[in-house]
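The next block holds one structure in the form of structure tokens; read it before the comments.
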Amino acid sequence: MKRYSWVGAGVILAVLLGILMFSEREVPEKLIQESRGLWNSLVHSLEPEAPREEYGIEVGDMYLCTDVIRPNENLSEILSRNGIPYQIIHELSQKSSAVFDLRKLKAGKSYCIMRSQDSLAQVEYFIYEQDPVNYVVYDLKDTVRVTKGRKEVTRVPRSGVGHISSSLWNTLTENQLDPELAIRMSEIYAWSIDFFRLHKGDYFKLLFEEKYVEGRSIGAGDIQAALFHHAGKDFYAIRYAQNGEVDFFDKSANSLRKAFLRAPLQFRRISSRFNRRRFHPVLKRRRPHLGTDYAAAPGTPIWSIGDGVVTEARYSRGGGNYVAIRHNGTYTTRYLHMSKFGPGIRKGVRVTQGQVIGYVGSTGLATGPHLHYEMIQNGKHVDAQSIDIPPGDPIAPEHQEAYAAHRDEVVARLDALPIPGTYTASQGEPANGDPGK
């Protein structure tokens, strides 16, 4: 029904309602209430509709065309193809440099062109979507302007469980969970669990957020809490903010982040520091020295600087007797020129922070007894003396009560989730159900 029809119907209804209300005959209360309800509906229908917006722009009667960037296609090609003069494109390119580098346009990314629907059909806006959330608006009307925008992100609480069958990544995929959660978990549990050595029977439970833009899922958000059952032990991780800093804590209010020992032994002095152009005293040529040398007496115990797994414990011509330890998915350390290995140290053995893994010696290419110590971060050697890996602070006394209440609530929710592999239909909806359920 067209709007003027609604107006006519409303006038007629108002007249009828007036006649009924002022009639000498008794009018049933139900009829009066129904008439009033219909009147209110008609009045509401006459209220102006909110203008439609796209990318924060009031669209009105503009014509919208969406497409994707083609391989090797640039903005100049797209705009010139749509009738934008070169001088406008040049001006736009100059103004864009301070907002978005046009060289970073990527093939496969979406864009939208908004045209006027008059006889000229001019392009008024070009919008490039950097990702599902962020976009760049090129206003081509009277004055060329370039601005950034951001779509509203809705976060929906979700839960998920998984039983490790092969890898954490595969388990998440098998349970219709975002594989990116594997990276999040490896970061949270970096100091507690070696994800390269997961055991059969390990499982996890998660409370996390799923992000939605315009009703479409764009992947997992923050993990709020987790339980990882590994090697017969339960490892809880509870997200909590104190003093403006977000960290993960265990059930005892301790941070899951642990510090490395500042040095792997008691030493007299540092005889050689990290240097990418150091002159090698044995080889007599410049060669990167990707570690720190500690001068110490022969037989001085060498400690593992943190918990981890021994990935190598053998002899090499250059490093002599050496041990490599993987601490987590980020950090590995190496200890060279040992006289001998510590008790029980061999490949595959788990070690703890401060455990003796060997003794100072001069095996391999060494001019005298010392320890050559290396730290590797994400596959690259770093200077262990300059890198700062502070431990996470535990929950402060003034936050203990609030944290305890939060911990009890999320732990109860985690414990209520079914243990993977034991779910049956009688238990209700699966943990990996639809958003919001």
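Order determines the names: the first chain of the structure tokens is A, the second B, and so forth; residues in each chain are numbered 1 upward, and ligands are numbered 1 upward as they are shown.
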Residues within 6 Å of stretch 258-267 of chain A, only C-alpha atoms, excluding chain neighbours under 4 positions, as a list in words: Ala296, Ile302, Trp303, Ile305, Gly306, Ile389, Pro390 and Pro391 of chain A
A:Ser110: which residues within 6 Å, counting only C-alpha atoms, same-chain residues fewer than 3 positions away excluded, as a ChimeraX atom specification? /A:67-68,129
For the atom pair atom CA of A:Pro394 and atom CA of A:Ala225, what is the interatomic distance in Å to one decimal place? 16.6 Å
Env of A:Ser166: 12 Å cut, atoms = only C-alpha atoms, seq-sep filter 3 positions within chain, self excluded. Answer as a PyMOL selection string. chain A and resi 162-163+169-174+195-203
Please, what distance in Å, to one decimal, runs between atom CA of A:Arg216 and atom CA of A:Val136?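 About the pair atom CA of A:Arg216 and atom CA of A:Val136: they are 20.0 Å apart.
By only C-alpha atoms, and with residues fewer than 6 positions from A:Arg115 along its chain excluded, the set lying at most 8 Å from it is Met62, Tyr63, Leu64, Ala121, Gln122, Val123, Glu124 and Tyr125 of chain A.
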Would you return as a VMD selection string the members of stretch 244-376 of chain A that DSSP assigns to strand (DSSP E) on this structure's backbone? chain A and resid 245 to 249 269 to 272 275 to 279 286 to 289 292 to 295 301 to 303 308 to 316 320 to 326 331 to 341 350 to 351 356 to 360 370 to 376
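Rounded to one decimal, atom CA of A:Lys148 and atom CA of A:Glu210 lie 24.0 Å from each other.
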Extract, using only C-alpha atoms, all DNA, RNA and protein residues at most 6 Å from stretch 130-133 of chain A, discarding same-chain residues fewer than 2 positions from it, and format them as JSON, numbers by chain. {"A": [135, 150, 151]}
Shell of 12 Å around A:Pro85, only C-alpha atoms, local chain residues under 5 positions omitted, as an MDAnalysis selection string: chainID A and resid 76:80 90:92 122:123 140
Saved selection, atoms kept: N, CA and C atoms, as a compact mmCIF listing (two decimals), in the first residue's frame:
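The new file out.txt reads:
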# COMPACT_ATOMS: atom_id res chain seq x y z
N SER A 76 44.66 3.99 -10.41
CA SER A 76 44.57 4.84 -11.58
C SER A 76 43.79 4.15 -12.70
N GLU A 77 44.04 2.87 -12.91
CA GLU A 77 43.34 2.12 -13.95
C GLU A 77 41.85 2.03 -13.64
N ILE A 78 41.53 1.75 -12.38
CA ILE A 78 40.12 1.60 -12.00
C ILE A 78 39.36 2.90 -12.18
N LEU A 79 39.94 4.01 -11.71
CA LEU A 79 39.24 5.29 -11.77
C LEU A 79 39.15 5.84 -13.19
N SER A 80 40.23 5.70 -13.94
CA SER A 80 40.19 6.20 -15.33
C SER A 80 39.18 5.42 -16.15
N HIS A 90 45.56 12.19 -9.94
CA HIS A 90 46.86 12.63 -9.43
C HIS A 90 46.69 13.34 -8.08
N GLU A 91 45.68 14.20 -7.97
CA GLU A 91 45.42 14.91 -6.72
C GLU A 91 45.05 13.91 -5.62
N LEU A 92 44.23 12.95 -5.97
CA LEU A 92 43.81 11.93 -5.01
C LEU A 92 45.02 11.12 -4.52
N GLN A 122 28.06 10.60 -12.29
CA GLN A 122 29.45 10.81 -11.88
C GLN A 122 29.81 9.94 -10.68
N VAL A 123 31.10 9.54 -10.63
CA VAL A 123 31.60 8.82 -9.47
C VAL A 123 31.78 9.80 -8.32
N LEU A 140 35.24 12.01 -4.05
CA LEU A 140 35.60 12.63 -5.33
C LEU A 140 34.61 13.72 -5.74
Please build the interface table for stretch 240-353 of chain A against stretch 191-194 of chain A with a cut-off of 9 Å, listing for each qualifying residue the nearest atom pair and the distance in Å to one decimal; count only C-alpha atoms, order rows by chain and increasing number, and write it as a Markdown table.
| residue | atom | partner | partner_atom | distance |
| --- | --- | --- | --- | --- |
| A:Leu256 | CA | A:Trp191 | CA | 6.8 |
| A:Arg257 | CA | A:Trp191 | CA | 6.2 |
| A:Lys258 | CA | A:Trp191 | CA | 6.4 |
| A:Gly306 | CA | A:Trp191 | CA | 8.6 |
| A:Asp307 | CA | A:Trp191 | CA | 7.2 |
| A:Gly308 | CA | A:Asp194 | CA | 7.4 |
| A:Val309 | CA | A:Asp194 | CA | 7.8 |
| A:Arg326 | CA | A:Asp194 | CA | 8.4 |
| A:His327 | CA | A:Trp191 | CA | 7.1 |
| A:Asn328 | CA | A:Asp194 | CA | 5.8 |
| A:Gly329 | CA | A:Asp194 | CA | 7.5 |
Keeping only all heavy atoms, write the selected residues to a file as a PDB file, in the first residue's frame.
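So again_32.pdb came out as:
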ATOM      1  N   LEU A 256      50.867 -16.625  33.788  1.00  0.00           N
ATOM      2  CA  LEU A 256      51.402 -17.763  33.033  1.00  0.00           C
ATOM      3  C   LEU A 256      52.743 -17.438  32.389  1.00  0.00           C
ATOM      4  O   LEU A 256      53.441 -18.344  31.939  1.00  0.00           O
ATOM      5  CB  LEU A 256      50.403 -18.193  31.951  1.00  0.00           C
ATOM      6  CG  LEU A 256      49.058 -18.739  32.437  1.00  0.00           C
ATOM      7  CD1 LEU A 256      48.277 -19.334  31.265  1.00  0.00           C
ATOM      8  CD2 LEU A 256      49.239 -19.794  33.511  1.00  0.00           C
ATOM      9  N   ARG A 257      53.099 -16.153  32.329  1.00  0.00           N
ATOM     10  CA  ARG A 257      54.390 -15.787  31.748  1.00  0.00           C
ATOM     11  C   ARG A 257      55.497 -15.927  32.794  1.00  0.00           C
ATOM     12  O   ARG A 257      55.368 -15.448  33.916  1.00  0.00           O
ATOM     13  CB  ARG A 257      54.370 -14.347  31.231  1.00  0.00           C
ATOM     14  CG  ARG A 257      53.586 -14.180  29.952  1.00  0.00           C
ATOM     15  CD  ARG A 257      53.782 -12.803  29.348  1.00  0.00           C
ATOM     16  NE  ARG A 257      53.228 -11.747  30.176  1.00  0.00           N
ATOM     17  CZ  ARG A 257      53.934 -10.768  30.709  1.00  0.00           C
ATOM     18  NH1 ARG A 257      55.245 -10.730  30.548  1.00  0.00           N
ATOM     19  NH2 ARG A 257      53.360  -9.828  31.432  1.00  0.00           N
ATOM     20  N   LYS A 258      56.568 -16.569  32.396  1.00  0.00           N
ATOM     21  CA  LYS A 258      57.704 -16.750  33.287  1.00  0.00           C
ATOM     22  C   LYS A 258      58.934 -16.085  32.687  1.00  0.00           C
ATOM     23  O   LYS A 258      59.082 -15.980  31.476  1.00  0.00           O
ATOM     24  CB  LYS A 258      57.999 -18.242  33.497  1.00  0.00           C
ATOM     25  CG  LYS A 258      56.831 -19.020  34.108  1.00  0.00           C
ATOM     26  CD  LYS A 258      57.161 -20.493  34.208  1.00  0.00           C
ATOM     27  CE  LYS A 258      55.988 -21.299  34.751  1.00  0.00           C
ATOM     28  NZ  LYS A 258      56.273 -22.754  34.781  1.00  0.00           N
ATOM     29  N   GLY A 306      65.469 -21.736  31.233  1.00  0.00           N
ATOM     30  CA  GLY A 306      64.015 -21.839  31.407  1.00  0.00           C
ATOM     31  C   GLY A 306      63.555 -23.264  31.147  1.00  0.00           C
ATOM     32  O   GLY A 306      64.333 -24.113  30.708  1.00  0.00           O
ATOM     33  N   ASP A 307      62.286 -23.524  31.433  1.00  0.00           N
ATOM     34  CA  ASP A 307      61.715 -24.840  31.149  1.00  0.00           C
ATOM     35  C   ASP A 307      61.727 -25.076  29.645  1.00  0.00           C
ATOM     36  O   ASP A 307      61.596 -24.146  28.847  1.00  0.00           O
ATOM     37  CB  ASP A 307      60.270 -24.914  31.643  1.00  0.00           C
ATOM     38  CG  ASP A 307      60.154 -24.766  33.155  1.00  0.00           C
ATOM     39  OD1 ASP A 307      61.205 -24.736  33.822  1.00  0.00           O
ATOM     40  OD2 ASP A 307      59.018 -24.674  33.651  1.00  0.00           O
ATOM     41  N   GLY A 308      61.842 -26.341  29.245  1.00  0.00           N
ATOM     42  CA  GLY A 308      61.830 -26.658  27.822  1.00  0.00           C
ATOM     43  C   GLY A 308      62.153 -28.101  27.543  1.00  0.00           C
ATOM     44  O   GLY A 308      62.201 -28.939  28.456  1.00  0.00           O
ATOM     45  N   VAL A 309      62.383 -28.392  26.274  1.00  0.00           N
ATOM     46  CA  VAL A 309      62.692 -29.746  25.814  1.00  0.00           C
ATOM     47  C   VAL A 309      64.020 -29.722  25.078  1.00  0.00           C
ATOM     48  O   VAL A 309      64.262 -28.842  24.229  1.00  0.00           O
ATOM     49  CB  VAL A 309      61.582 -30.285  24.886  1.00  0.00           C
ATOM     50  CG1 VAL A 309      61.972 -31.634  24.305  1.00  0.00           C
ATOM     51  CG2 VAL A 309      60.266 -30.401  25.644  1.00  0.00           C
ATOM     52  N   ARG A 326      64.435 -26.133  23.253  1.00  0.00           N
ATOM     53  CA  ARG A 326      63.290 -25.356  22.785  1.00  0.00           C
ATOM     54  C   ARG A 326      62.401 -25.063  23.990  1.00  0.00           C
ATOM     55  O   ARG A 326      61.884 -25.972  24.628  1.00  0.00           O
ATOM     56  CB  ARG A 326      62.501 -26.123  21.717  1.00  0.00           C
ATOM     57  CG  ARG A 326      61.340 -25.301  21.133  1.00  0.00           C
ATOM     58  CD  ARG A 326      60.592 -26.019  20.027  1.00  0.00           C
ATOM     59  NE  ARG A 326      60.002 -27.247  20.486  1.00  0.00           N
ATOM     60  CZ  ARG A 326      60.312 -28.458  20.047  1.00  0.00           C
ATOM     61  NH1 ARG A 326      61.256 -28.597  19.128  1.00  0.00           N
ATOM     62  NH2 ARG A 326      59.725 -29.533  20.521  1.00  0.00           N
ATOM     63  N   HIS A 327      62.219 -23.785  24.289  1.00  0.00           N
ATOM     64  CA  HIS A 327      61.451 -23.393  25.476  1.00  0.00           C
ATOM     65  C   HIS A 327      59.968 -23.250  25.168  1.00  0.00           C
ATOM     66  O   HIS A 327      59.117 -23.525  26.012  1.00  0.00           O
ATOM     67  CB  HIS A 327      62.011 -22.096  26.050  1.00  0.00           C
ATOM     68  CG  HIS A 327      63.446 -22.216  26.446  1.00  0.00           C
ATOM     69  ND1 HIS A 327      63.841 -22.833  27.615  1.00  0.00           N
ATOM     70  CD2 HIS A 327      64.582 -21.841  25.803  1.00  0.00           C
ATOM     71  CE1 HIS A 327      65.167 -22.813  27.688  1.00  0.00           C
ATOM     72  NE2 HIS A 327      65.643 -22.215  26.599  1.00  0.00           N
ATOM     73  N   ASN A 328      59.647 -22.785  23.992  1.00  0.00           N
ATOM     74  CA  ASN A 328      58.258 -22.650  23.551  1.00  0.00           C
ATOM     75  C   ASN A 328      58.291 -22.406  22.062  1.00  0.00           C
ATOM     76  O   ASN A 328      59.320 -22.587  21.407  1.00  0.00           O
ATOM     77  CB  ASN A 328      57.530 -21.526  24.312  1.00  0.00           C
ATOM     78  CG  ASN A 328      58.298 -20.223  24.308  1.00  0.00           C
ATOM     79  OD1 ASN A 328      58.760 -19.768  23.276  1.00  0.00           O
ATOM     80  ND2 ASN A 328      58.447 -19.618  25.481  1.00  0.00           N
ATOM     81  N   GLY A 329      57.153 -21.982  21.502  1.00  0.00           N
ATOM     82  CA  GLY A 329      57.097 -21.745  20.076  1.00  0.00           C
ATOM     83  C   GLY A 329      57.878 -20.536  19.622  1.00  0.00           C
ATOM     84  O   GLY A 329      58.044 -20.315  18.428  1.00  0.00           O
TER      85      GLY A 329
END
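Among the candidate residues A:Glu54, A:Val146, A:Ile113, A:Leu102, the one lying nearest to A:Asn82 is A:Ile113, with distances computed using only C-alpha atoms.
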Surrounding residues of stretch 337-347 of chain A excluding itself and chain neighbours under 6 positions, 7 Å, only C-alpha atoms, as a ChimeraX atom specification: /A:310-313,319-322,356-364,371-372
Selection file, N, CA and C atoms, as a PDB file, in the first residue's frame:
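Output saved as out14.pdb:
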ATOM      1  N   VAL A 310      64.902 -30.667  25.375  1.00  0.00           N
ATOM      2  CA  VAL A 310      66.198 -30.774  24.700  1.00  0.00           C
ATOM      3  C   VAL A 310      65.962 -31.277  23.278  1.00  0.00           C
ATOM      4  N   THR A 311      66.345 -30.476  22.301  1.00  0.00           N
ATOM      5  CA  THR A 311      66.180 -30.881  20.905  1.00  0.00           C
ATOM      6  C   THR A 311      67.482 -31.430  20.319  1.00  0.00           C
ATOM      7  N   GLU A 312      68.623 -31.053  20.936  1.00  0.00           N
ATOM      8  CA  GLU A 312      69.921 -31.588  20.514  1.00  0.00           C
ATOM      9  C   GLU A 312      70.842 -31.684  21.721  1.00  0.00           C
ATOM     10  N   ALA A 313      71.602 -32.779  21.774  1.00  0.00           N
ATOM     11  CA  ALA A 313      72.639 -32.953  22.798  1.00  0.00           C
ATOM     12  C   ALA A 313      73.688 -33.850  22.157  1.00  0.00           C
ATOM     13  N   GLY A 319      81.070 -26.431  17.552  1.00  0.00           N
ATOM     14  CA  GLY A 319      80.527 -26.145  18.875  1.00  0.00           C
ATOM     15  C   GLY A 319      80.919 -27.125  19.947  1.00  0.00           C
ATOM     16  N   GLY A 320      81.637 -28.190  19.578  1.00  0.00           N
ATOM     17  CA  GLY A 320      82.001 -29.190  20.566  1.00  0.00           C
ATOM     18  C   GLY A 320      80.762 -29.861  21.128  1.00  0.00           C
ATOM     19  N   ASN A 321      80.808 -30.214  22.398  1.00  0.00           N
ATOM     20  CA  ASN A 321      79.620 -30.754  23.052  1.00  0.00           C
ATOM     21  C   ASN A 321      78.626 -29.612  23.267  1.00  0.00           C
ATOM     22  N   TYR A 322      77.450 -29.748  22.708  1.00  0.00           N
ATOM     23  CA  TYR A 322      76.491 -28.654  22.867  1.00  0.00           C
ATOM     24  C   TYR A 322      75.078 -29.195  23.063  1.00  0.00           C
ATOM     25  N   VAL A 356      70.840 -28.346  35.760  1.00  0.00           N
ATOM     26  CA  VAL A 356      72.178 -28.467  35.181  1.00  0.00           C
ATOM     27  C   VAL A 356      72.095 -29.314  33.920  1.00  0.00           C
ATOM     28  N   ILE A 357      72.550 -28.744  32.800  1.00  0.00           N
ATOM     29  CA  ILE A 357      72.499 -29.455  31.524  1.00  0.00           C
ATOM     30  C   ILE A 357      73.893 -29.795  31.002  1.00  0.00           C
ATOM     31  N   GLY A 358      74.937 -29.254  31.645  1.00  0.00           N
ATOM     32  CA  GLY A 358      76.300 -29.528  31.218  1.00  0.00           C
ATOM     33  C   GLY A 358      77.290 -28.754  32.060  1.00  0.00           C
ATOM     34  N   TYR A 359      78.588 -28.822  31.626  1.00  0.00           N
ATOM     35  CA  TYR A 359      79.661 -28.191  32.395  1.00  0.00           C
ATOM     36  C   TYR A 359      80.604 -27.467  31.441  1.00  0.00           C
ATOM     37  N   VAL A 360      81.128 -26.353  31.906  1.00  0.00           N
ATOM     38  CA  VAL A 360      82.005 -25.526  31.073  1.00  0.00           C
ATOM     39  C   VAL A 360      83.226 -26.329  30.638  1.00  0.00           C
ATOM     40  N   GLY A 361      83.577 -26.169  29.343  1.00  0.00           N
ATOM     41  CA  GLY A 361      84.757 -26.826  28.805  1.00  0.00           C
ATOM     42  C   GLY A 361      85.322 -26.015  27.662  1.00  0.00           C
ATOM     43  N   SER A 362      86.076 -26.674  26.784  1.00  0.00           N
ATOM     44  CA  SER A 362      86.693 -25.985  25.641  1.00  0.00           C
ATOM     45  C   SER A 362      86.676 -26.884  24.409  1.00  0.00           C
ATOM     46  N   THR A 363      85.627 -27.719  24.284  1.00  0.00           N
ATOM     47  CA  THR A 363      85.540 -28.620  23.133  1.00  0.00           C
ATOM     48  C   THR A 363      85.157 -27.834  21.887  1.00  0.00           C
ATOM     49  N   GLY A 364      85.475 -28.377  20.720  1.00  0.00           N
ATOM     50  CA  GLY A 364      85.188 -27.696  19.460  1.00  0.00           C
ATOM     51  C   GLY A 364      86.193 -26.599  19.194  1.00  0.00           C
ATOM     52  N   LEU A 371      81.721 -20.703  28.046  1.00  0.00           N
ATOM     53  CA  LEU A 371      80.428 -21.108  27.505  1.00  0.00           C
ATOM     54  C   LEU A 371      80.011 -20.112  26.431  1.00  0.00           C
ATOM     55  N   HIS A 372      79.716 -20.634  25.251  1.00  0.00           N
ATOM     56  CA  HIS A 372      79.112 -19.811  24.200  1.00  0.00           C
ATOM     57  C   HIS A 372      77.604 -20.075  24.267  1.00  0.00           C
TER      58      HIS A 372
END
With only C-alpha atoms as the atoms that count, which of A:Tyr331, A:His230, A:Gln176, A:Met114 lies nearest to A:Asn378? A:Tyr331
Which is closer to A:Ile164 than all the others in A:Val59, A:Ile127, A:Ala412, A:Ala231, using only C-alpha atoms?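 Of the candidates, the smallest distance to A:Ile164 is held by A:Ala231.
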